[in-house]
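A.B. asks: Sharing model-v9.cif, mmCIF, C-alpha atoms:
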```cif
data_run
#
loop_
_atom_site.label_atom_id
_atom_site.label_comp_id
_atom_site.auth_asym_id
_atom_site.auth_seq_id
_atom_site.Cartn_x
_atom_site.Cartn_y
_atom_site.Cartn_z
CA MET W 134 2.54 -17.16 76.70
CA LYS W 135 3.47 -20.01 79.05
CA GLY W 136 6.91 -21.28 80.02
CA GLN W 137 8.85 -18.35 78.52
CA THR W 138 7.85 -15.37 80.61
CA THR W 139 11.15 -14.29 82.20
CA ALA W 140 12.98 -11.29 80.78
CA ASP W 141 15.97 -13.48 79.87
CA ASN W 142 13.77 -15.87 77.91
CA LEU W 143 12.11 -12.98 76.09
CA ILE W 144 15.46 -11.46 75.20
CA SER W 145 16.53 -14.81 73.74
CA LEU W 146 13.32 -14.97 71.72
CA ALA W 147 13.84 -11.42 70.47
CA GLN W 148 17.40 -12.13 69.39
CA ALA W 149 16.35 -15.31 67.59
CA ALA W 150 13.69 -13.37 65.64
CA ASP W 151 16.00 -10.38 64.96
CA ILE W 152 13.73 -8.12 67.01
CA ARG W 153 15.37 -4.90 68.17
CA PHE W 154 12.32 -3.07 69.54
CA VAL W 155 9.39 -4.09 71.72
CA ARG W 156 6.12 -2.17 71.86
CA LEU W 157 4.76 -1.60 75.36
CA GLN W 158 1.03 -0.90 75.27
CA PHE W 159 -1.82 0.09 77.58
CA THR W 160 -5.12 1.91 77.19
CA ASP W 161 -6.29 5.20 78.58
CA LEU W 162 -9.59 5.39 80.43
CA PHE W 163 -11.56 5.51 77.18
CA GLY W 164 -9.91 2.57 75.43
CA THR W 165 -7.43 4.46 73.24
CA VAL W 166 -4.26 2.39 72.95
CA LYS W 167 -1.02 4.09 74.00
CA THR W 168 2.36 2.78 72.87
CA VAL W 169 6.05 3.26 73.57
CA GLU W 170 8.82 1.43 71.69
CA LEU W 171 11.58 0.05 73.87
CA PRO W 172 14.92 -1.30 72.60
CA VAL W 173 15.44 -4.95 73.49
CA THR W 174 18.61 -3.91 75.33
CA GLY W 175 16.38 -2.18 77.90
CA LEU W 176 13.94 -5.07 78.31
CA ALA W 177 15.45 -6.58 81.46
CA GLN W 178 15.43 -3.25 83.30
CA ALA W 179 11.87 -2.49 82.12
CA CYS W 180 10.62 -5.83 83.42
CA ALA W 181 12.41 -5.36 86.75
CA GLU W 182 11.75 -1.67 87.42
CA GLY W 183 9.09 -0.49 84.99
CA VAL W 184 9.30 2.40 82.53
CA LEU W 185 8.68 5.91 83.84
CA PHE W 186 6.11 8.04 81.97
CA ASP W 187 4.07 11.20 82.45
CA GLY W 188 0.62 10.11 83.60
CA SER W 189 -0.74 13.67 83.42
CA SER W 190 -0.44 13.49 79.61
CA ILE W 191 -2.81 10.47 79.44
CA HIS W 192 -6.50 11.29 79.19
CA GLY W 193 -8.21 10.50 82.50
CA PHE W 194 -5.09 9.43 84.40
CA ALA W 195 -3.57 12.06 86.73
CA ARG W 196 -2.98 15.70 87.58
CA VAL W 197 0.36 17.30 86.73
CA GLU W 198 1.49 17.22 90.37
CA GLU W 199 0.86 13.44 90.44
CA SER W 200 2.28 12.69 87.02
CA ASP W 201 5.01 10.09 87.69
CA MET W 202 3.81 6.59 86.77
CA TYR W 203 5.44 3.38 85.62
CA LEU W 204 4.64 0.97 82.81
CA CYS W 205 5.16 -2.56 84.14
CA PRO W 206 5.20 -5.10 81.30
CA ASP W 207 3.14 -8.26 81.79
CA THR W 208 5.57 -10.76 80.31
CA SER W 209 2.79 -13.31 79.73
CA THR W 210 1.42 -10.99 77.00
CA TRP W 211 4.60 -11.12 74.87
CA VAL W 212 3.78 -11.79 71.23
CA LEU W 213 5.54 -11.35 67.90
CA LEU W 214 3.50 -9.03 65.69
CA PRO W 215 2.59 -10.64 62.34
CA TRP W 216 3.42 -7.48 60.42
CA LEU W 217 6.49 -5.29 59.98
CA ASP W 218 6.85 -1.64 60.84
CA ASP W 219 7.36 1.04 58.17
CA ALA W 220 11.07 0.25 58.03
CA SER W 221 10.38 -3.49 57.55
CA ARG W 222 11.53 -4.32 61.08
CA PRO W 223 9.95 -7.21 63.01
CA LEU W 224 8.40 -6.16 66.33
CA ALA W 225 7.15 -7.74 69.53
CA ARG W 226 4.50 -6.42 71.90
CA MET W 227 3.69 -6.58 75.62
CA ILE W 228 0.70 -5.16 77.51
CA CYS W 229 1.50 -3.20 80.65
CA ASP W 230 0.02 -2.59 84.06
CA ILE W 231 0.29 0.92 85.48
CA LYS W 232 2.02 1.36 88.83
CA LEU W 233 2.67 4.34 91.10
CA PRO W 234 6.15 5.24 92.39
CA ASP W 235 5.51 3.29 95.60
CA GLY W 236 4.85 0.12 93.57
CA SER W 237 1.09 0.04 94.11
CA ALA W 238 -1.35 -0.34 91.24
CA PHE W 239 -2.74 2.89 89.82
CA ALA W 240 -6.43 2.83 90.73
CA GLY W 241 -7.44 4.45 87.44
CA ASP W 242 -5.72 1.88 85.22
CA PRO W 243 -8.53 0.15 83.26
CA ARG W 244 -6.69 -3.20 83.34
CA ALA W 245 -6.28 -2.89 87.13
CA ILE W 246 -9.99 -2.10 87.45
CA LEU W 247 -10.81 -5.32 85.59
CA LYS W 248 -8.40 -7.33 87.74
CA ARG W 249 -10.13 -6.02 90.88
CA ALA W 250 -13.51 -7.04 89.47
CA VAL W 251 -12.19 -10.53 88.69
CA ALA W 252 -10.79 -10.87 92.23
CA ASP W 253 -14.12 -9.75 93.71
CA ALA W 254 -15.99 -12.30 91.58
CA GLN W 255 -13.64 -15.04 92.75
CA VAL W 256 -14.44 -14.22 96.36
CA CYS W 257 -18.10 -14.92 95.49
CA GLY W 258 -17.21 -18.30 93.98
CA LEU W 259 -17.12 -17.14 90.35
CA ASP W 260 -13.62 -18.47 89.74
CA ALA W 261 -14.18 -20.35 86.47
CA LEU W 262 -15.47 -17.48 84.34
CA THR W 263 -14.54 -16.95 80.72
CA ILE W 264 -15.77 -14.50 78.09
CA ALA W 265 -16.25 -15.05 74.37
CA THR W 266 -16.77 -11.92 72.26
CA GLU W 267 -18.69 -11.25 69.07
CA LEU W 268 -17.09 -8.16 67.54
CA GLU W 269 -19.09 -6.37 64.83
CA PHE W 270 -17.55 -3.59 62.74
CA PHE W 271 -17.81 -1.66 59.49
CA LEU W 272 -15.22 -1.58 56.69
CA PHE W 273 -15.04 1.61 54.63
CA PRO W 274 -12.72 2.47 51.73
CA LEU W 275 -9.84 4.88 52.29
CA GLY W 276 -9.78 7.87 49.97
CA ASN W 277 -6.74 9.33 48.24
CA ASP W 278 -6.30 11.62 51.24
CA GLY W 279 -6.01 8.60 53.55
CA GLN W 280 -9.35 9.36 55.22
CA PRO W 281 -12.24 6.87 55.35
CA ALA W 282 -15.15 7.50 53.01
CA LEU W 283 -18.67 6.82 54.29
CA ALA W 284 -19.50 4.85 51.15
CA VAL W 285 -21.54 1.67 50.71
CA VAL W 286 -19.25 -0.76 48.89
CA ASP W 287 -21.08 -4.04 49.47
CA HIS W 288 -24.58 -5.39 50.09
CA ALA W 289 -23.77 -9.01 50.92
CA GLY W 290 -26.07 -9.20 53.95
CA TYR W 291 -26.02 -11.62 56.87
CA PHE W 292 -23.80 -14.64 56.11
CA GLY W 293 -23.61 -13.30 52.56
CA ASN W 294 -21.39 -15.05 50.04
CA ASP W 295 -19.07 -12.07 49.53
CA GLN W 296 -15.90 -13.99 48.73
CA GLN W 297 -15.23 -12.05 45.53
CA GLN W 298 -15.26 -8.72 47.32
CA ALA W 299 -12.18 -6.95 48.67
CA ALA W 300 -13.70 -6.67 52.15
CA ALA W 301 -14.05 -10.45 52.39
CA HIS W 302 -10.39 -10.94 51.54
CA CYS W 303 -9.51 -8.34 54.15
CA ARG W 304 -11.67 -10.06 56.75
CA LEU W 305 -9.92 -13.39 56.18
CA ASP W 306 -6.52 -11.72 56.44
CA MET W 307 -7.68 -10.24 59.73
CA ALA W 308 -8.63 -13.69 61.00
CA ASP W 309 -5.26 -15.03 59.87
CA ALA W 310 -3.44 -12.23 61.73
CA LEU W 311 -5.41 -12.89 64.92
CA ALA W 312 -4.56 -16.60 64.74
CA LYS W 313 -0.86 -15.71 64.42
CA LEU W 314 -1.24 -13.53 67.52
CA GLY W 315 -2.57 -16.53 69.44
CA ILE W 316 -6.14 -15.27 69.62
CA PRO W 317 -8.56 -18.23 69.27
CA LEU W 318 -11.48 -17.67 66.89
CA PHE W 319 -14.88 -19.24 66.34
CA GLY W 320 -15.18 -17.72 62.87
CA THR W 321 -15.94 -14.64 60.79
CA HIS W 322 -18.71 -13.59 58.42
CA HIS W 323 -20.53 -10.70 56.79
CA GLU W 324 -23.21 -9.11 58.96
CA THR W 325 -26.65 -7.66 58.24
CA ALA W 326 -25.85 -4.09 57.19
CA PRO W 327 -23.86 -2.99 54.13
CA CYS W 328 -20.10 -2.98 54.83
CA GLN W 329 -20.69 -4.69 58.19
CA HIS W 330 -18.72 -7.72 59.36
CA GLU W 331 -18.17 -9.85 62.46
CA ILE W 332 -15.25 -11.72 64.01
CA ASP W 333 -15.97 -14.06 66.92
CA ILE W 334 -13.28 -14.67 69.54
CA ALA W 335 -13.47 -17.94 71.48
CA PRO W 336 -13.74 -18.05 75.31
CA LEU W 337 -10.77 -16.87 77.35
CA PRO W 338 -10.24 -16.02 81.03
CA ILE W 339 -11.59 -12.53 81.54
CA VAL W 340 -8.42 -10.42 81.66
CA GLN W 341 -6.95 -12.41 78.76
CA ALA W 342 -10.20 -11.88 76.84
CA ALA W 343 -9.93 -8.11 77.27
CA ASP W 344 -6.25 -8.18 76.27
CA ALA W 345 -7.18 -10.24 73.21
CA LEU W 346 -9.91 -7.82 72.17
CA VAL W 347 -7.64 -4.78 72.48
CA THR W 348 -4.97 -6.62 70.49
CA ALA W 349 -7.49 -7.75 67.88
CA LYS W 350 -8.69 -4.22 67.25
CA ILE W 351 -5.12 -3.02 66.67
CA ALA W 352 -4.43 -5.92 64.31
CA MET W 353 -7.67 -5.44 62.39
CA ARG W 354 -6.98 -1.75 61.79
CA THR W 355 -3.46 -2.60 60.60
CA VAL W 356 -4.63 -5.30 58.18
CA ALA W 357 -7.48 -3.15 56.87
CA GLN W 358 -5.10 -0.32 56.06
CA GLU W 359 -2.98 -2.71 54.01
CA HIS W 360 -6.14 -3.41 51.95
CA GLY W 361 -6.96 0.27 51.49
CA LEU W 362 -9.82 -0.03 53.99
CA TYR W 363 -10.67 1.42 57.38
CA VAL W 364 -12.23 -0.42 60.33
CA SER W 365 -14.84 1.66 62.13
CA TRP W 366 -16.07 0.84 65.62
CA MET W 367 -18.80 3.49 65.31
CA PRO W 368 -21.95 1.78 66.61
CA LYS W 369 -24.44 3.29 64.13
CA PRO W 370 -22.93 4.89 61.00
CA PHE W 371 -26.09 4.42 58.86
CA ALA W 372 -29.73 5.18 59.63
CA GLY W 373 -32.06 2.42 58.54
CA PHE W 374 -29.56 -0.40 59.03
CA ALA W 375 -28.43 -2.44 62.02
CA GLY W 376 -25.61 -1.05 64.12
CA SER W 377 -22.55 -2.85 65.46
CA GLY W 378 -22.56 -4.62 68.79
CA LEU W 379 -20.00 -6.30 71.00
CA HIS W 380 -21.79 -9.27 72.50
CA LEU W 381 -20.17 -10.71 75.65
CA ARG W 382 -20.82 -14.39 76.37
CA PHE W 383 -19.97 -15.35 79.94
CA GLN W 384 -19.44 -19.03 80.75
CA ALA W 385 -18.61 -20.71 84.05
CA LYS W 386 -17.89 -24.26 82.92
CA ARG W 387 -15.65 -26.38 85.13
CA ALA W 388 -14.30 -29.85 84.42
CA ASP W 389 -17.01 -31.49 86.53
CA MET W 390 -19.85 -28.96 86.59
CA ASP W 391 -21.31 -25.75 85.15
CA ASP W 392 -21.93 -22.89 87.59
CA PHE W 393 -24.59 -21.51 85.23
CA GLN W 394 -26.50 -24.77 84.74
CA ASP W 395 -29.53 -23.54 86.69
CA VAL W 396 -30.35 -20.94 84.00
CA LEU W 397 -32.00 -23.46 81.68
CA ARG W 398 -33.71 -25.50 84.41
CA ASP W 399 -37.16 -24.53 85.64
CA GLY W 400 -37.57 -23.90 89.35
CA ASN W 401 -33.86 -24.02 90.15
CA VAL W 402 -32.34 -20.71 91.28
CA GLY W 403 -28.56 -20.76 91.43
CA CYS W 404 -25.50 -18.84 90.37
CA GLY W 405 -26.58 -18.36 86.74
CA ARG W 406 -29.96 -16.79 87.41
CA ARG W 407 -28.47 -14.62 90.12
CA PHE W 408 -25.77 -13.45 87.70
CA ILE W 409 -28.49 -12.54 85.18
CA ALA W 410 -30.45 -10.76 87.92
CA GLY W 411 -27.39 -8.65 88.70
CA LEU W 412 -26.96 -7.68 85.06
CA LEU W 413 -30.61 -6.64 84.88
CA ASP W 414 -30.49 -4.78 88.19
CA HIS W 415 -27.55 -2.64 87.03
CA ALA W 416 -28.49 -2.43 83.35
CA ALA W 417 -28.93 1.33 83.22
CA ALA W 418 -25.61 2.19 84.86
CA LEU W 419 -23.80 -0.54 82.93
CA THR W 420 -25.01 1.07 79.70
CA ALA W 421 -22.96 4.22 80.38
CA ILE W 422 -19.78 2.10 80.24
CA ALA W 423 -20.75 -0.44 77.59
CA ASN W 424 -22.25 2.20 75.26
CA PRO W 425 -19.99 5.22 75.75
CA LEU W 426 -20.73 7.41 72.71
CA VAL W 427 -23.51 9.80 71.81
CA ASN W 428 -23.93 7.65 68.69
CA SER W 429 -24.26 4.46 70.79
CA TYR W 430 -27.84 5.34 71.73
CA LYS W 431 -28.97 5.52 68.11
CA ARG W 432 -28.34 1.78 68.02
CA LEU W 433 -30.32 1.06 71.21
CA ARG W 434 -33.66 1.90 69.61
CA PRO W 435 -36.60 -0.12 68.30
CA GLY W 436 -35.99 -1.48 64.82
CA SER W 437 -32.20 -1.48 65.15
CA GLU W 438 -31.74 -5.19 65.94
CA ALA W 439 -30.32 -4.28 69.34
CA PRO W 440 -31.60 -4.38 72.93
CA VAL W 441 -34.02 -1.65 73.93
CA TYR W 442 -35.45 -3.02 77.19
CA ALA W 443 -33.72 -4.79 80.09
CA PHE W 444 -35.03 -8.36 80.10
CA TRP W 445 -33.60 -11.82 79.52
CA SER W 446 -34.69 -14.68 77.32
CA THR W 447 -33.61 -17.96 75.79
CA ARG W 448 -35.39 -17.44 72.47
CA HIS W 449 -36.26 -13.75 71.99
CA PRO W 450 -34.20 -12.20 69.15
CA MET W 451 -33.30 -8.94 70.93
CA PRO W 452 -33.01 -9.37 74.69
CA PHE W 453 -30.60 -7.48 76.91
CA VAL W 454 -29.37 -10.87 78.14
CA ARG W 455 -29.70 -14.16 76.28
CA ALA W 456 -29.05 -17.57 77.84
CA ALA W 457 -28.18 -20.57 75.70
CA MET W 458 -26.26 -23.84 75.68
CA ASP W 459 -23.39 -24.37 73.23
CA ALA W 460 -22.45 -27.54 71.36
CA ASN W 461 -20.22 -28.63 74.25
CA GLY W 462 -23.04 -28.39 76.77
CA ALA W 463 -21.79 -25.18 78.42
CA VAL W 464 -24.41 -22.59 79.37
CA SER W 465 -23.59 -19.05 78.26
CA ILE W 466 -25.02 -15.80 79.59
CA GLU W 467 -24.74 -13.33 76.74
CA LEU W 468 -24.86 -9.59 77.37
CA ARG W 469 -26.00 -8.11 74.04
CA SER W 470 -26.07 -4.36 74.65
CA PRO W 471 -22.36 -3.35 74.51
CA ASP W 472 -20.92 -1.88 71.34
CA PRO W 473 -17.35 -1.97 69.96
CA SER W 474 -16.56 1.64 70.89
CA CYS W 475 -16.30 0.73 74.59
CA ASN W 476 -13.11 0.18 76.54
CA PRO W 477 -13.05 -3.64 76.90
CA TYR W 478 -11.42 -3.50 80.33
CA LEU W 479 -14.08 -1.18 81.75
CA ALA W 480 -17.02 -2.86 80.00
CA PHE W 481 -15.94 -6.34 81.14
CA ALA W 482 -15.34 -5.02 84.67
CA ALA W 483 -18.71 -3.29 84.94
CA ALA W 484 -20.60 -6.30 83.56
CA LEU W 485 -18.74 -8.65 85.87
CA ALA W 486 -19.39 -6.39 88.88
CA ALA W 487 -23.09 -6.32 88.05
CA GLY W 488 -23.34 -10.10 87.72
CA THR W 489 -21.26 -10.67 90.84
CA ASP W 490 -23.52 -8.34 92.82
CA GLY W 491 -26.50 -10.47 91.84
CA VAL W 492 -24.72 -13.58 93.12
CA ARG W 493 -23.58 -11.88 96.33
CA ARG W 494 -27.06 -10.55 97.13
CA ARG W 495 -28.72 -13.80 96.01
CA LEU W 496 -31.04 -11.96 93.62
CA ASN W 497 -33.52 -13.94 91.55
CA ALA W 498 -33.99 -13.09 87.89
CA PRO W 499 -37.57 -12.45 86.77
CA PRO W 500 -39.14 -14.99 84.40
CA ALA W 501 -37.62 -15.12 80.94
CA LEU W 502 -39.54 -13.14 78.31
CA PHE W 503 -40.57 -14.71 75.02
CA GLU W 504 -42.93 -12.10 73.54
CA SER W 505 -42.14 -8.66 72.15
CA ALA W 506 -41.44 -6.05 74.84
CA THR W 507 -41.76 -3.32 72.22
CA ALA W 508 -45.33 -4.39 71.44
CA MET W 509 -46.35 -4.14 75.10
CA THR W 510 -47.91 -1.06 76.58
CA GLU W 511 -45.88 1.00 79.02
CA GLU W 512 -48.11 -0.25 81.83
CA GLU W 513 -47.55 -3.88 80.85
CA ARG W 514 -43.80 -3.39 80.87
CA PHE W 515 -44.02 -1.68 84.26
CA LEU W 516 -46.04 -4.52 85.78
CA ARG W 517 -43.52 -7.06 84.47
CA SER W 518 -40.48 -5.03 85.58
CA ILE W 519 -39.11 -4.49 82.07
CA PRO W 520 -37.40 -1.06 82.13
CA ARG W 521 -36.23 0.86 79.09
CA LEU W 522 -32.49 1.17 78.67
CA PRO W 523 -31.20 4.76 78.80
CA VAL W 524 -32.25 6.75 75.75
CA HIS W 525 -29.28 9.13 75.64
CA LEU W 526 -25.73 9.24 76.96
CA ASP W 527 -26.59 11.88 79.56
CA ASP W 528 -29.38 9.65 80.92
CA ALA W 529 -26.94 6.76 81.26
CA LEU W 530 -24.39 8.93 83.07
CA THR W 531 -27.04 9.89 85.63
CA PHE W 532 -27.78 6.23 86.30
CA LEU W 533 -24.05 5.51 86.56
CA GLU W 534 -23.54 8.19 89.20
CA GLU W 535 -26.42 6.76 91.23
CA ASP W 536 -25.29 3.10 91.09
CA GLU W 537 -23.11 2.26 94.10
CA THR W 538 -21.99 -1.11 92.73
CA ILE W 539 -20.68 0.16 89.40
CA ARG W 540 -19.23 3.25 91.11
CA ALA W 541 -17.30 1.01 93.48
CA CYS W 542 -16.14 -1.15 90.59
CA LEU W 543 -14.65 1.83 88.74
CA GLY W 544 -13.37 3.65 91.82
CA GLU W 545 -13.84 7.35 92.40
CA HIS W 546 -10.83 8.41 90.32
CA ALA W 547 -11.96 6.63 87.15
CA LEU W 548 -15.61 7.48 87.74
CA THR W 549 -14.95 11.20 88.14
CA HIS W 550 -12.78 11.45 85.03
CA TYR W 551 -15.05 9.23 82.96
CA VAL W 552 -18.28 11.03 83.82
CA GLY W 553 -16.64 14.44 83.40
CA ALA W 554 -15.32 13.63 79.94
CA LYS W 555 -18.54 12.00 78.74
CA ALA W 556 -20.70 14.82 80.11
CA ALA W 557 -18.54 17.27 78.16
CA GLU W 558 -18.99 15.11 75.05
CA TRP W 559 -22.77 15.21 75.47
CA GLU W 560 -22.69 18.99 76.06
CA ALA W 561 -20.66 19.52 72.87
CA TYR W 562 -23.15 17.42 70.90
CA SER W 563 -26.11 19.28 72.42
CA ARG W 564 -24.65 22.65 71.41
CA THR W 565 -24.11 21.57 67.79
CA ILE W 566 -26.69 22.57 65.18
CA HIS W 567 -27.15 19.55 62.93
CA ARG W 568 -28.07 19.36 59.26
CA TRP W 569 -31.39 17.69 60.14
CA GLU W 570 -32.37 20.82 62.12
CA HIS W 571 -31.62 23.06 59.15
CA GLU W 572 -33.65 20.83 56.85
CA GLN W 573 -36.59 20.71 59.25
CA TYR W 574 -36.71 24.24 60.67
CA LEU W 575 -34.75 26.76 58.60
CA LEU W 576 -37.64 27.58 56.30
CA GLY W 577 -40.39 26.93 58.84
#
```
Please express what this file holds, its structure, as structure tokens.
C.D. replies:
Amino acid sequence: MKGQTTADNLISLAQAADIRFVRLQFTDLFGTVKTVELPVTGLAQACAEGVLFDGSSIHGFARVEESDMYLCPDTSTWVLLPWLDDASRPLARMICDIKLPDGSAFAGDPRAILKRAVADAQVCGLDALTIATELEFFLFPLGNDGQPALAVVDHAGYFGNDQQQAAAHCRLDMADALAKLGIPLFGTHHETAPCQHEIDIAPLPIVQAADALVTAKIAMRTVAQEHGLYVSWMPKPFAGFAGSGLHLRFQAKRADMDDFQDVLRDGNVGCGRRFIAGLLDHAAALTAIANPLVNSYKRLRPGSEAPVYAFWSTRHPMPFVRAAMDANGAVSIELRSPDPSCNPYLAFAAALAAGTDGVRRRLNAPPALFESATAMTEEERFLRSIPRLPVHLDDALTFLEEDETIRACLGEHALTHYVGAKAAEWEAYSRTIHRWEHEQYLLG
């Protein structure tokens, strides 16, 4: 929001729209959105001093003895929500940064982590970066108990003409809500699997892109509920069908040049190929952030229409990184492994740190691959430096702990809490006896 970012201007806007409460939002380390409602009468003080809260009650934030933290609203994120609350009241929303009592940024704030990564990239000359996102998701019906039912309610398929189905109407209402929130879209369509859909968000500066994605996910859940549906970010709810990804398309287009132009030119090694080289060099550690669930790794398998090996291409259907030129002549570097369960701030930060490291160290990407990596022998992949992405969450966490670049990007506080929580998640899964095991072994 430009030109109206002072507290006084926002109060005037709130009064004109009969808004009495403003939602202040942020995410915990794992992407869960946290919210506090603030009366408009307290807006000026909140913008000037912040809002005190108990950081020890937020997953991954602080110990009890270090609990005092402040929500500091970013007034540029002010937006009127295109829906009413349960009492039919209009609401506004602002995204917050997390500060410590001394006024410094909290090192474990995911938004602060992304801002640090952006600043580091700018030091390396990557100051024109934007990200466009392709957000895939599943829509399931809500039962009478208000819980989602894992039921197949459509089979429209990729780009299917599903306009007579309830999910299609819901999807268009989602797109309409995002437009009202100021989130620019490329479009929306049905995806490959049953009940699977996609909404594509147009390029935005990186922090704004993460804010937009967090906002979009809130809006989409809200709209879906109004249609009696539930949006699931689960990467792989069905065996035998494609899972959901969150493709990130980096661009570095300036008014007079494109910093990634070398990617599609033979023999010319520049910023673009070095950015790709960085993504490939840190692929395994990056996966722990971009694919944070046990279920994520059931998508990253052969036959799932998702990356399995770390290579790049301009034509291959399932690379880890794909390079292409859009209709406006801008070169995009698309990271295709992330899934929608990730925290956008952390995933964007880790990907940006990886690419920036490639530029800083002047790495050169290997030749683009055009044949099937899956059809190669293990020896052929080894000779061509095409590693397998981590097979399980615990594998990815090991790579994360060993990767100095991604560790530095997250900072020790966030890294320690993230790895600890995800290792516990893997341990809980490993201790669970699953139905498949009963079916296979009980009578053996």
A.B. asks: Closest to W:Leu162 among W:Thr510, W:Met458, W:Ala300, W:Gly188, using all atoms listed in the file?
C.D. replies: W:Gly188
A.B. asks: Could you spell out the hits of the PyMOL selection byres ((chain W and resi 270-287) around 6) on the shown file, as a list in words?
C.D. replies: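 Output from the PyMOL selection byres ((chain W and resi 270-287) around 6), applied to this file: Glu269, His288, Ala289, Pro327, Cys328, Gln329, His330, Gly361, Leu362, Tyr363, Val364, Ser365, Trp366 and Ser377 of chain W.
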A.B. asks: Name all residues at most 7 Å from W:Lys369 (count only C-alpha atoms; drop same-chain ones fewer than 6 positions away) and give them as number ranges by chain.
C.D. replies: W: 376-377, 428-429, 431-432
A.B. asks: Please provide as number ranges by chain all residues within 7 Å of W:Pro523, with the sequence filter that same-chain residues fewer than 3 positions apart are discarded (counting all atoms listed in the file).
C.D. replies: W: 417, 528-529
A.B. asks: Write the residues of the selection above to a file with C-alpha atoms, as a short mmCIF file (atom, residue, chain, number, x, y, z; two decimals), keeping the file's coordinate frame.
C.D. replies:
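Contents of the output file part-v6.cif:
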```
data_model
loop_
_atom_site.label_atom_id
_atom_site.label_comp_id
_atom_site.auth_asym_id
_atom_site.auth_seq_id
_atom_site.Cartn_x
_atom_site.Cartn_y
_atom_site.Cartn_z
CA ALA W 417 -28.93 1.33 83.22
CA ASP W 528 -29.38 9.65 80.92
CA ALA W 529 -26.94 6.76 81.26
#
```
A.B. asks: For each of W:Leu548, W:His360, W:Lys386, W:Ala352, take the minimum atom-to-atom distance to W:Asp459, counting all atoms listed in the file, then give the residue where this is smallest.
C.D. replies: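 Between W:Leu548, W:His360, W:Lys386, W:Ala352, the residue approaching W:Asp459 most closely is W:Lys386.
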A.B. asks: Let me know the residues the PyMOL selection byres ((chain W and resi 141) around 12) catches in the file above, as a compact mmCIF listing (two decimals) with C-alpha atoms, in the coordinates of the input.
C.D. replies:
```txt
# COMPACT_ATOMS: atom_id res chain seq x y z
CA GLY W 136 6.91 -21.28 80.02
CA GLN W 137 8.85 -18.35 78.52
CA THR W 138 7.85 -15.37 80.61
CA THR W 139 11.15 -14.29 82.20
CA ALA W 140 12.98 -11.29 80.78
CA ASN W 142 13.77 -15.87 77.91
CA LEU W 143 12.11 -12.98 76.09
CA ILE W 144 15.46 -11.46 75.20
CA SER W 145 16.53 -14.81 73.74
CA LEU W 146 13.32 -14.97 71.72
CA ALA W 147 13.84 -11.42 70.47
CA GLN W 148 17.40 -12.13 69.39
CA VAL W 173 15.44 -4.95 73.49
CA THR W 174 18.61 -3.91 75.33
CA GLY W 175 16.38 -2.18 77.90
CA LEU W 176 13.94 -5.07 78.31
CA ALA W 177 15.45 -6.58 81.46
CA GLN W 178 15.43 -3.25 83.30
CA ALA W 179 11.87 -2.49 82.12
CA CYS W 180 10.62 -5.83 83.42
CA ALA W 181 12.41 -5.36 86.75
CA THR W 208 5.57 -10.76 80.31
```
A.B. asks: Using the chain letters and residue numbers of this document, give as an mmCIF file with C-alpha atoms, keeping the file's coordinate frame the residues selected by the PyMOL selection byres ((chain W and resi 552) around 12).
C.D. replies:
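Output saved as expr00.cif:
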```cif
data_model
loop_
_atom_site.group_PDB
_atom_site.id
_atom_site.type_symbol
_atom_site.label_atom_id
_atom_site.label_comp_id
_atom_site.auth_asym_id
_atom_site.auth_seq_id
_atom_site.Cartn_x
_atom_site.Cartn_y
_atom_site.Cartn_z
ATOM 1 C CA LEU W 162 -9.590 5.390 80.430
ATOM 2 C CA PHE W 163 -11.560 5.510 77.180
ATOM 3 C CA GLY W 193 -8.210 10.500 82.500
ATOM 4 C CA ALA W 418 -25.610 2.190 84.860
ATOM 5 C CA ALA W 421 -22.960 4.220 80.380
ATOM 6 C CA ILE W 422 -19.780 2.100 80.240
ATOM 7 C CA PRO W 425 -19.990 5.220 75.750
ATOM 8 C CA LEU W 426 -20.730 7.410 72.710
ATOM 9 C CA LEU W 526 -25.730 9.240 76.960
ATOM 10 C CA ASP W 527 -26.590 11.880 79.560
ATOM 11 C CA ASP W 528 -29.380 9.650 80.920
ATOM 12 C CA ALA W 529 -26.940 6.760 81.260
ATOM 13 C CA LEU W 530 -24.390 8.930 83.070
ATOM 14 C CA THR W 531 -27.040 9.890 85.630
ATOM 15 C CA PHE W 532 -27.780 6.230 86.300
ATOM 16 C CA LEU W 533 -24.050 5.510 86.560
ATOM 17 C CA GLU W 534 -23.540 8.190 89.200
ATOM 18 C CA GLU W 535 -26.420 6.760 91.230
ATOM 19 C CA ARG W 540 -19.230 3.250 91.110
ATOM 20 C CA LEU W 543 -14.650 1.830 88.740
ATOM 21 C CA GLY W 544 -13.370 3.650 91.820
ATOM 22 C CA GLU W 545 -13.840 7.350 92.400
ATOM 23 C CA HIS W 546 -10.830 8.410 90.320
ATOM 24 C CA ALA W 547 -11.960 6.630 87.150
ATOM 25 C CA LEU W 548 -15.610 7.480 87.740
ATOM 26 C CA THR W 549 -14.950 11.200 88.140
ATOM 27 C CA HIS W 550 -12.780 11.450 85.030
ATOM 28 C CA TYR W 551 -15.050 9.230 82.960
ATOM 29 C CA GLY W 553 -16.640 14.440 83.400
ATOM 30 C CA ALA W 554 -15.320 13.630 79.940
ATOM 31 C CA LYS W 555 -18.540 12.000 78.740
ATOM 32 C CA ALA W 556 -20.700 14.820 80.110
ATOM 33 C CA ALA W 557 -18.540 17.270 78.160
ATOM 34 C CA GLU W 558 -18.990 15.110 75.050
ATOM 35 C CA TRP W 559 -22.770 15.210 75.470
ATOM 36 C CA GLU W 560 -22.690 18.990 76.060
#
```
A.B. asks: Measure the distance from atom CA of W:Gly403 to atom CA of W:Ala265 in Å and round it to one decimal.
C.D. replies: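 Taking atom CA of W:Gly403 as the start and atom CA of W:Ala265 as the end point, the length is 21.8 Å.
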